[in-house]
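J.: What follows is target.cif, made up of mmCIF, C-alpha atoms:
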```cif
data_protein
loop_
_atom_site.label_atom_id
_atom_site.label_comp_id
_atom_site.auth_asym_id
_atom_site.auth_seq_id
_atom_site.Cartn_x
_atom_site.Cartn_y
_atom_site.Cartn_z
CA ARG A 1 108.32 55.11 67.46
CA SER A 2 108.05 57.70 70.21
CA SER A 3 106.55 61.09 69.43
CA PRO A 4 109.08 63.65 68.14
CA ASN A 5 107.52 66.31 70.38
CA THR A 6 107.76 64.23 73.53
CA PRO A 7 110.84 62.02 73.26
CA MET A 8 111.01 58.85 75.27
CA GLU A 9 113.10 59.07 78.38
CA ASP A 10 116.27 56.97 78.41
CA GLY A 11 115.28 55.27 81.66
CA CYS A 12 111.95 54.13 80.21
CA CYS A 13 113.70 52.79 77.11
CA MET A 14 116.26 50.91 79.20
CA ASP A 15 113.52 49.33 81.34
CA ILE A 16 111.53 48.18 78.32
CA CYS A 17 114.55 46.89 76.44
CA SER A 18 115.86 44.98 79.48
CA LYS A 19 112.43 43.42 80.14
CA PHE A 20 111.85 42.37 76.54
CA LYS A 21 115.43 41.85 75.35
CA ASN A 22 114.52 38.45 73.92
CA ARG A 23 111.46 39.83 72.10
CA ILE A 24 112.92 42.91 70.35
CA PRO A 25 111.98 42.61 66.65
CA THR A 26 114.61 42.80 63.96
CA LEU A 27 114.72 44.74 60.71
CA SER A 28 114.41 42.52 57.67
CA GLY A 29 112.86 42.41 54.23
CA GLU A 30 112.59 45.09 51.60
CA ASN A 31 110.40 47.38 53.71
CA GLU A 32 112.55 46.84 56.81
CA GLY A 33 109.38 46.80 58.90
CA LEU A 34 109.14 45.75 62.51
CA HIS A 35 108.17 42.12 62.91
CA PHE A 36 106.26 41.51 66.11
CA SER A 37 107.39 38.48 68.09
CA LYS A 38 105.18 35.50 68.87
CA TRP A 39 103.52 34.68 72.17
CA SER A 40 105.69 33.73 75.11
CA ARG A 41 105.77 30.14 76.36
CA TRP A 42 103.61 31.10 79.34
CA ALA A 43 101.02 32.70 77.06
CA LYS A 44 100.89 29.58 74.91
CA ALA A 45 100.44 27.39 77.98
CA TYR A 46 97.65 29.64 79.22
CA ALA A 47 95.93 29.54 75.81
CA ILE A 48 96.10 25.72 75.71
CA VAL A 49 94.55 25.40 79.18
CA VAL A 50 91.75 27.79 78.21
CA ALA A 51 91.11 25.98 74.91
CA VAL A 52 90.80 22.62 76.72
CA GLN A 53 88.57 24.18 79.37
CA VAL A 54 86.19 25.76 76.84
CA SER A 55 86.09 22.59 74.73
CA TYR A 56 84.97 20.68 77.82
CA LEU A 57 82.28 23.24 78.67
CA ILE A 58 80.90 23.26 75.12
CA ALA A 59 80.85 19.45 75.04
CA VAL A 60 78.89 19.42 78.29
CA CYS A 61 76.50 22.05 76.93
CA GLY A 62 75.99 19.89 73.84
CA VAL A 63 74.92 17.02 76.09
CA VAL A 64 72.47 19.33 77.85
CA LEU A 65 70.97 20.57 74.58
CA PHE A 66 70.52 17.09 73.13
CA ASP A 67 69.28 15.33 76.27
CA HIS A 68 67.07 17.99 77.86
CA HIS A 69 64.38 19.09 75.44
CA SER A 70 62.87 21.82 77.57
CA ARG A 71 62.95 25.59 77.82
CA GLU A 72 65.24 25.44 80.83
CA GLY A 73 67.61 22.98 79.15
CA TYR A 74 67.91 25.13 76.03
CA ALA A 75 68.24 28.37 78.02
CA PHE A 76 70.94 27.03 80.34
CA GLY A 77 72.82 25.19 77.60
CA ILE A 78 72.97 28.09 75.13
CA SER A 79 73.81 30.60 77.86
CA TRP A 80 76.63 28.33 79.01
CA ILE A 81 77.98 28.21 75.46
CA VAL A 82 77.83 32.01 75.12
CA GLY A 83 79.60 32.42 78.46
CA ALA A 84 82.30 29.89 77.57
CA LEU A 85 82.91 31.49 74.17
CA ALA A 86 83.05 34.93 75.78
CA PHE A 87 85.65 33.61 78.24
CA MET A 88 87.77 32.21 75.40
CA TYR A 89 87.41 35.35 73.30
CA PHE A 90 88.49 37.71 76.09
CA THR A 91 91.41 35.42 76.88
CA PHE A 92 92.75 35.24 73.34
CA ASP A 93 92.03 38.92 72.73
CA GLY A 94 93.92 39.85 75.89
CA LEU A 95 96.85 37.66 74.87
CA ARG A 96 96.88 39.01 71.32
CA ARG A 97 96.86 42.66 72.41
CA GLU A 98 98.85 41.98 75.60
CA ASP A 99 96.08 43.73 77.48
CA PRO A 100 96.11 42.84 81.22
CA PHE A 101 92.65 44.35 81.68
CA ALA A 102 91.12 42.00 79.09
CA LEU A 103 93.06 39.06 80.53
CA TRP A 104 91.76 39.55 84.07
CA LEU A 105 88.33 40.31 82.65
CA SER A 106 88.35 36.84 81.13
CA VAL A 107 89.10 35.39 84.57
CA GLY A 108 86.07 37.28 85.92
CA VAL A 109 83.87 35.92 83.12
CA HIS A 110 85.09 32.44 84.03
CA PHE A 111 83.85 32.90 87.59
CA VAL A 112 80.51 34.15 86.25
CA VAL A 113 80.12 30.90 84.30
CA ALA A 114 80.80 28.99 87.54
CA GLY A 115 78.20 31.10 89.32
CA TYR A 116 75.77 30.31 86.55
CA SER A 117 76.29 26.60 87.27
CA VAL A 118 75.51 27.20 90.94
CA PHE A 119 72.33 29.04 89.96
CA ALA A 120 71.12 25.92 88.16
CA LEU A 121 71.16 24.18 91.54
CA THR A 122 69.58 26.87 93.67
CA ALA A 123 67.06 28.70 91.46
CA CYS A 124 63.61 28.41 92.93
CA GLY A 125 61.33 26.30 90.71
CA VAL A 126 63.90 25.61 88.02
CA LYS A 127 65.74 22.91 89.94
CA LYS A 128 62.57 20.79 89.98
CA ASP A 129 62.29 20.81 86.19
CA ILE A 130 65.86 20.45 85.01
CA GLY A 131 66.25 16.99 86.50
CA PRO A 132 68.96 15.31 88.60
CA GLU A 133 71.24 14.67 85.59
CA PHE A 134 71.29 18.36 84.75
CA ARG A 135 72.08 19.26 88.35
CA LYS A 136 74.98 16.79 88.33
CA ILE A 137 76.32 18.46 85.19
CA ALA A 138 76.02 21.85 86.90
CA VAL A 139 77.97 20.53 89.90
CA TYR A 140 80.69 19.09 87.67
CA ASN A 141 80.95 22.36 85.75
CA ALA A 142 81.25 24.45 88.90
CA ILE A 143 83.91 22.14 90.40
CA GLU A 144 85.83 21.87 87.14
CA ILE A 145 85.89 25.65 86.69
CA CYS A 146 87.14 26.20 90.24
CA VAL A 147 89.91 23.62 89.70
CA ALA A 148 90.82 25.25 86.39
CA GLU A 149 90.96 28.66 88.07
CA ALA A 150 93.54 27.29 90.52
CA VAL A 151 95.75 26.67 87.48
CA LEU A 152 94.75 29.71 85.39
CA ILE A 153 95.18 32.45 88.01
CA PRO A 154 98.91 31.75 88.66
CA LEU A 155 99.43 31.39 84.90
CA ALA A 156 97.55 34.64 84.25
CA TRP A 157 99.76 36.43 86.75
CA LYS A 158 102.89 35.14 85.04
CA VAL A 159 101.57 36.05 81.59
CA HIS A 160 100.48 39.49 82.83
CA ASP A 161 104.01 40.16 84.11
CA LEU A 162 105.37 39.65 80.57
CA PHE A 163 102.97 42.12 78.95
CA GLY A 164 104.09 45.52 77.71
CA TRP A 165 106.02 45.02 74.49
CA PHE A 166 102.98 45.15 72.21
CA ARG A 167 101.95 48.53 73.62
CA PHE A 168 105.50 49.79 73.17
CA TYR A 169 105.45 48.42 69.61
CA ARG A 170 102.19 50.26 68.81
CA VAL A 171 102.67 53.68 70.40
CA GLY A 172 106.31 53.84 71.47
CA GLY A 173 107.63 54.98 74.83
CA ASP A 174 105.65 58.21 75.08
CA VAL A 175 103.93 57.93 78.47
CA ARG A 176 101.03 60.16 77.40
CA LEU A 177 100.31 58.06 74.29
CA GLN A 178 100.57 54.87 76.31
CA LYS A 179 97.94 56.15 78.74
CA LEU A 180 95.61 56.99 75.85
CA TYR A 181 96.19 53.54 74.38
CA ILE A 182 95.42 51.85 77.72
CA THR A 183 92.23 53.89 78.11
CA TYR A 184 91.01 52.90 74.65
CA ASN A 185 91.82 49.23 75.25
CA ARG A 186 89.83 49.26 78.49
CA PHE A 187 86.92 50.98 76.80
CA TYR A 188 87.03 48.41 73.99
CA SER A 189 87.08 45.47 76.43
CA ILE A 190 84.17 46.82 78.50
CA LEU A 191 82.24 47.51 75.30
CA LYS A 192 82.56 43.87 74.23
CA LEU A 193 81.68 42.65 77.72
CA ASP A 194 78.55 44.82 77.67
CA LEU A 195 77.59 43.34 74.31
CA ALA A 196 78.15 39.76 75.52
CA THR A 197 76.03 40.38 78.63
CA SER A 198 73.22 41.86 76.54
CA LEU A 199 73.28 38.86 74.19
CA ILE A 200 73.00 36.45 77.13
CA ILE A 201 70.03 38.40 78.53
CA TYR A 202 68.24 38.41 75.17
CA THR A 203 68.95 34.69 74.72
CA LEU A 204 67.48 33.89 78.13
CA THR A 205 64.36 35.94 77.48
CA VAL A 206 63.82 34.33 74.07
CA PHE A 207 63.90 30.78 75.48
CA THR A 208 61.96 31.80 78.57
CA LEU A 209 58.98 33.22 76.67
CA LEU A 210 58.99 31.44 73.27
CA ASN A 211 56.55 34.09 72.12
CA LEU A 212 56.64 35.35 68.52
CA LEU A 213 56.12 39.01 69.39
CA GLU A 214 58.60 39.04 72.28
CA THR A 215 61.13 37.03 70.26
CA THR A 216 60.86 39.56 67.42
CA LEU A 217 61.38 42.41 69.89
CA ASP A 218 64.41 40.67 71.40
CA ALA A 219 65.92 40.01 67.98
CA GLY A 220 65.40 43.66 67.02
CA ALA A 221 66.91 44.83 70.33
CA MET A 222 69.89 42.52 69.83
CA PHE A 223 70.52 43.80 66.31
CA PHE A 224 70.12 47.41 67.42
CA THR A 225 72.50 46.87 70.35
CA ILE A 226 75.17 45.52 68.00
CA LEU A 227 74.80 48.57 65.73
CA VAL A 228 75.06 50.92 68.71
CA MET A 229 78.24 49.20 69.94
CA ILE A 230 79.81 49.42 66.47
CA MET A 231 78.97 53.12 66.32
CA GLY A 232 80.43 53.69 69.79
CA ASN A 233 83.68 51.97 68.90
CA TYR A 234 83.91 53.97 65.67
CA GLY A 235 83.26 57.24 67.49
CA VAL A 236 85.96 56.67 70.10
CA ARG A 237 88.52 55.21 67.70
CA GLU A 238 88.07 57.95 65.09
CA GLU A 239 87.51 60.69 67.72
CA ALA A 240 84.12 61.57 66.22
CA ARG A 241 82.35 63.48 68.98
CA PRO A 242 78.84 63.49 67.39
CA ALA A 243 78.91 59.70 67.12
CA VAL A 244 80.12 59.43 70.72
CA TYR A 245 77.33 61.71 72.00
CA ILE A 246 74.69 59.65 70.16
CA PHE A 247 76.31 56.49 71.51
CA VAL A 248 76.10 57.73 75.11
CA CYS A 249 72.43 58.65 74.66
CA PHE A 250 71.67 55.13 73.46
CA LEU A 251 73.65 53.66 76.37
CA ILE A 252 71.34 55.49 78.74
CA VAL A 253 68.16 54.59 76.84
CA LEU A 254 68.82 50.90 76.06
CA PRO A 255 68.59 49.68 79.70
CA ILE A 256 64.94 50.78 79.66
CA TYR A 257 64.20 47.76 77.46
CA ILE A 258 65.95 45.47 79.95
CA VAL A 259 63.86 46.96 82.77
CA TYR A 260 60.74 46.29 80.67
CA LYS A 261 61.75 42.65 80.21
CA LEU A 262 62.40 42.26 83.93
CA CYS A 263 58.99 43.69 84.78
CA TYR A 264 57.36 41.48 82.16
CA LEU A 265 59.04 38.35 83.55
CA GLU A 266 58.70 39.15 87.24
CA SER A 267 56.60 36.05 87.92
CA ASN A 268 58.73 33.75 85.77
CA ARG A 269 60.93 31.06 87.32
CA ASN A 270 64.01 32.46 85.54
CA PHE A 271 63.46 35.91 87.04
CA PRO A 272 66.25 35.62 89.70
CA LEU A 273 68.86 34.92 87.02
CA LEU A 274 67.53 37.63 84.73
CA LEU A 275 67.57 40.09 87.63
CA CYS A 276 71.20 39.27 88.39
CA MET A 277 72.18 39.57 84.74
CA GLY A 278 70.26 42.84 84.40
CA PHE A 279 71.94 44.30 87.48
CA THR A 280 75.33 43.18 86.15
CA SER A 281 74.53 44.80 82.81
CA PHE A 282 73.74 48.12 84.50
CA ILE A 283 77.07 48.08 86.37
CA ILE A 284 78.97 47.30 83.16
CA ARG A 285 77.06 50.05 81.35
CA ALA A 286 78.03 52.58 84.03
CA PHE A 287 81.73 51.69 83.66
CA LEU A 288 81.38 51.87 79.88
CA ILE A 289 80.00 55.42 80.07
CA LEU A 290 82.82 56.36 82.46
CA TYR A 291 85.47 55.13 80.03
CA VAL A 292 83.75 56.84 77.10
CA PHE A 293 84.26 60.19 78.81
CA LYS A 294 87.80 59.27 79.86
CA ALA A 295 88.58 58.46 76.22
CA MET A 296 87.02 61.72 75.05
CA ARG A 297 89.38 63.67 77.31
CA GLY A 298 92.23 62.36 75.16
CA PHE A 299 90.71 63.36 71.81
CA GLY A 300 93.14 65.38 69.71
CA GLN A 301 96.17 64.39 71.81
CA GLY A 302 97.47 61.57 69.70
#
```
Since I need it in another form, could you write the structure as structure tokens?
T.:
Amino acid sequence: RSSPNTPMEDGCCMDICSKFKNRIPTLSGENEGLHFSKWSRWAKAYAIVVAVQVSYLIAVCGVVLFDHHSREGYAFGISWIVGALAFMYFTFDGLRREDPFALWLSVGVHFVVAGYSVFALTACGVKKDIGPEFRKIAVYNAIEICVAEAVLIPLAWKVHDLFGWFRFYRVGGDVRLQKLYITYNRFYSILKLDLATSLIIYTLTVFTLLNLLETTLDAGAMFFTILVMIMGNYGVREEARPAVYIFVCFLIVLPIYIVYKLCYLESNRNFPLLLCMGFTSFIIRAFLILYVFKAMRGFGQG
């Protein structure tokens, strides 16, 4: 599958074949197409641990939502669910595409969920309203996530060491094409992380205000953000420069709405969390713009 203009070096082929000798697909069937192998045992073990972890977090969030009928209970519970689902999605997406960047990104998201639990204990004003039961749940979540990380990080390292065949299967051994493929995968992962962060911010503001006008604005901003992300992914994947330029312009303009929400909620008890999430969103947005331009440098090269 390597490019005819830039043949794969024999050394690269030998390294890949020796590393994945038990995962080389065979030719079979009428079309004699390549059949991609299944996940490794380590990847399956990692996926099972993550599935159990996320199931626990969602169950705990369900308890919070049913037992704490307050703005803070709904905001924390739903945000926890979004964070847990984002962690599971990035994990399974990283395993499916054998993308180490997405895999380690999921580990980072996991730590963010733990930090969110700690915030429930330390946020000024909120801790008085959420009640002692909620604070106990936050403590259990934080401890459980840290214990799970002690298992997941060594597993992630082992799984990461087995990655590489899927990229070879998709683009061959051409080093240049592999670099382009890695750049796109990183852009795609950061794009989805940016979207998940924006959704969490909008969810928090909706349950913080419970105002019809502001809720309508947040819903519109959420829908518009999703459309912008879809357009950005299309522009980079199809190498459509006009779509990419429009996408970058929206990436620069959209944070203005987040700044507006932060200014509007400056006196609110959830402001410290919103400020942290907004700052995180700006950092992610900066990396997203960086990888957009890195991807554009490879347009027309494969």
J.: Do a neighbour search on Val206 of chain A at 12 Å with only C-alpha atoms, toss out local chain neighbours closer than 5 positions, and write the hits as a list of chain:residue names.
T.: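 Contacts, with the query itself left out: A:Arg71, A:Glu72, A:Tyr74, A:Ala75, A:Phe76, A:Ile78, A:Ser79, A:Leu199, A:Ile200, A:Ile201, A:Asn211, A:Leu212, A:Leu213, A:Glu214, A:Thr215, A:Thr216, A:Leu217, A:Asp218, A:Ala219, A:Gly220, A:Ala221, A:Met222, A:Lys261, A:Leu265, A:Asn270, A:Leu274.
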J.: Taking the file as I've supplied it (selection: the PyMOL selection byres ((chain A and resi 148) around 12)), which residues are included? Please answer as a PDB file with C-alpha atoms, in the frame of the given file.
T.:
```
ATOM      1  CA  TYR A  46      97.650  29.640  79.220  1.00  0.00           C
ATOM      2  CA  ILE A  48      96.100  25.720  75.710  1.00  0.00           C
ATOM      3  CA  VAL A  49      94.550  25.400  79.180  1.00  0.00           C
ATOM      4  CA  VAL A  50      91.750  27.790  78.210  1.00  0.00           C
ATOM      5  CA  ALA A  51      91.110  25.980  74.910  1.00  0.00           C
ATOM      6  CA  VAL A  52      90.800  22.620  76.720  1.00  0.00           C
ATOM      7  CA  GLN A  53      88.570  24.180  79.370  1.00  0.00           C
ATOM      8  CA  VAL A  54      86.190  25.760  76.840  1.00  0.00           C
ATOM      9  CA  TYR A  56      84.970  20.680  77.820  1.00  0.00           C
ATOM     10  CA  LEU A  57      82.280  23.240  78.670  1.00  0.00           C
ATOM     11  CA  VAL A 107      89.100  35.390  84.570  1.00  0.00           C
ATOM     12  CA  HIS A 110      85.090  32.440  84.030  1.00  0.00           C
ATOM     13  CA  PHE A 111      83.850  32.900  87.590  1.00  0.00           C
ATOM     14  CA  ALA A 114      80.800  28.990  87.540  1.00  0.00           C
ATOM     15  CA  TYR A 140      80.690  19.090  87.670  1.00  0.00           C
ATOM     16  CA  ASN A 141      80.950  22.360  85.750  1.00  0.00           C
ATOM     17  CA  ALA A 142      81.250  24.450  88.900  1.00  0.00           C
ATOM     18  CA  ILE A 143      83.910  22.140  90.400  1.00  0.00           C
ATOM     19  CA  GLU A 144      85.830  21.870  87.140  1.00  0.00           C
ATOM     20  CA  ILE A 145      85.890  25.650  86.690  1.00  0.00           C
ATOM     21  CA  CYS A 146      87.140  26.200  90.240  1.00  0.00           C
ATOM     22  CA  VAL A 147      89.910  23.620  89.700  1.00  0.00           C
ATOM     23  CA  GLU A 149      90.960  28.660  88.070  1.00  0.00           C
ATOM     24  CA  ALA A 150      93.540  27.290  90.520  1.00  0.00           C
ATOM     25  CA  VAL A 151      95.750  26.670  87.480  1.00  0.00           C
ATOM     26  CA  LEU A 152      94.750  29.710  85.390  1.00  0.00           C
ATOM     27  CA  ILE A 153      95.180  32.450  88.010  1.00  0.00           C
ATOM     28  CA  PRO A 154      98.910  31.750  88.660  1.00  0.00           C
ATOM     29  CA  LEU A 155      99.430  31.390  84.900  1.00  0.00           C
ATOM     30  CA  ALA A 156      97.550  34.640  84.250  1.00  0.00           C
TER      31      ALA A 156
END
```
J.: How many Å lie between atom CA of Phe223 of chain A and atom CA of Met296 of chain A, rounded to one decimal?
T.: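 Distance reported for this atom pair: 25.9 Å.
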J.: Ranking A:Ile230, A:Met277, A:Val253, A:Ala47 by minimum distance to Tyr202 of chain A and counting all atoms listed in the file, which one comes first?
T.: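 When distances to Tyr202 of chain A are compared using all atoms listed in the file, the smallest one comes from A:Met277.
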J.: Selected by the PyMOL selection byres ((chain A and resi 279) around 12) in the shown coordinates: which residues, as a PDB file with C-alpha atoms, in the frame of the given file?
T.:
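To be explicit, this is the file written out as selection_0.pdb:
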```
ATOM      1  CA  ASP A 194      78.550  44.820  77.670  1.00  0.00           C
ATOM      2  CA  THR A 197      76.030  40.380  78.630  1.00  0.00           C
ATOM      3  CA  SER A 198      73.220  41.860  76.540  1.00  0.00           C
ATOM      4  CA  ILE A 201      70.030  38.400  78.530  1.00  0.00           C
ATOM      5  CA  PRO A 255      68.590  49.680  79.700  1.00  0.00           C
ATOM      6  CA  ILE A 258      65.950  45.470  79.950  1.00  0.00           C
ATOM      7  CA  VAL A 259      63.860  46.960  82.770  1.00  0.00           C
ATOM      8  CA  LEU A 262      62.400  42.260  83.930  1.00  0.00           C
ATOM      9  CA  PHE A 271      63.460  35.910  87.040  1.00  0.00           C
ATOM     10  CA  PRO A 272      66.250  35.620  89.700  1.00  0.00           C
ATOM     11  CA  LEU A 273      68.860  34.920  87.020  1.00  0.00           C
ATOM     12  CA  LEU A 274      67.530  37.630  84.730  1.00  0.00           C
ATOM     13  CA  LEU A 275      67.570  40.090  87.630  1.00  0.00           C
ATOM     14  CA  CYS A 276      71.200  39.270  88.390  1.00  0.00           C
ATOM     15  CA  MET A 277      72.180  39.570  84.740  1.00  0.00           C
ATOM     16  CA  GLY A 278      70.260  42.840  84.400  1.00  0.00           C
ATOM     17  CA  THR A 280      75.330  43.180  86.150  1.00  0.00           C
ATOM     18  CA  SER A 281      74.530  44.800  82.810  1.00  0.00           C
ATOM     19  CA  PHE A 282      73.740  48.120  84.500  1.00  0.00           C
ATOM     20  CA  ILE A 283      77.070  48.080  86.370  1.00  0.00           C
ATOM     21  CA  ILE A 284      78.970  47.300  83.160  1.00  0.00           C
ATOM     22  CA  ARG A 285      77.060  50.050  81.350  1.00  0.00           C
ATOM     23  CA  ALA A 286      78.030  52.580  84.030  1.00  0.00           C
TER      24      ALA A 286
END
```
J.: If I take atom CA of Asn233 of chain A and atom CA of Asp161 of chain A, how far is one from the other in Å, to one decimal?
T.: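 Value for the atom CA of Asn233 of chain A-atom CA of Asp161 of chain A distance: 28.0 Å.
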J.: Mind pulling up the distance from atom CA of Leu290 of chain A to atom CA of Arg241 of chain A?
T.: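 Result for atom CA of Arg241 of chain A versus atom CA of Leu290 of chain A: 15.3 Å, one decimal.
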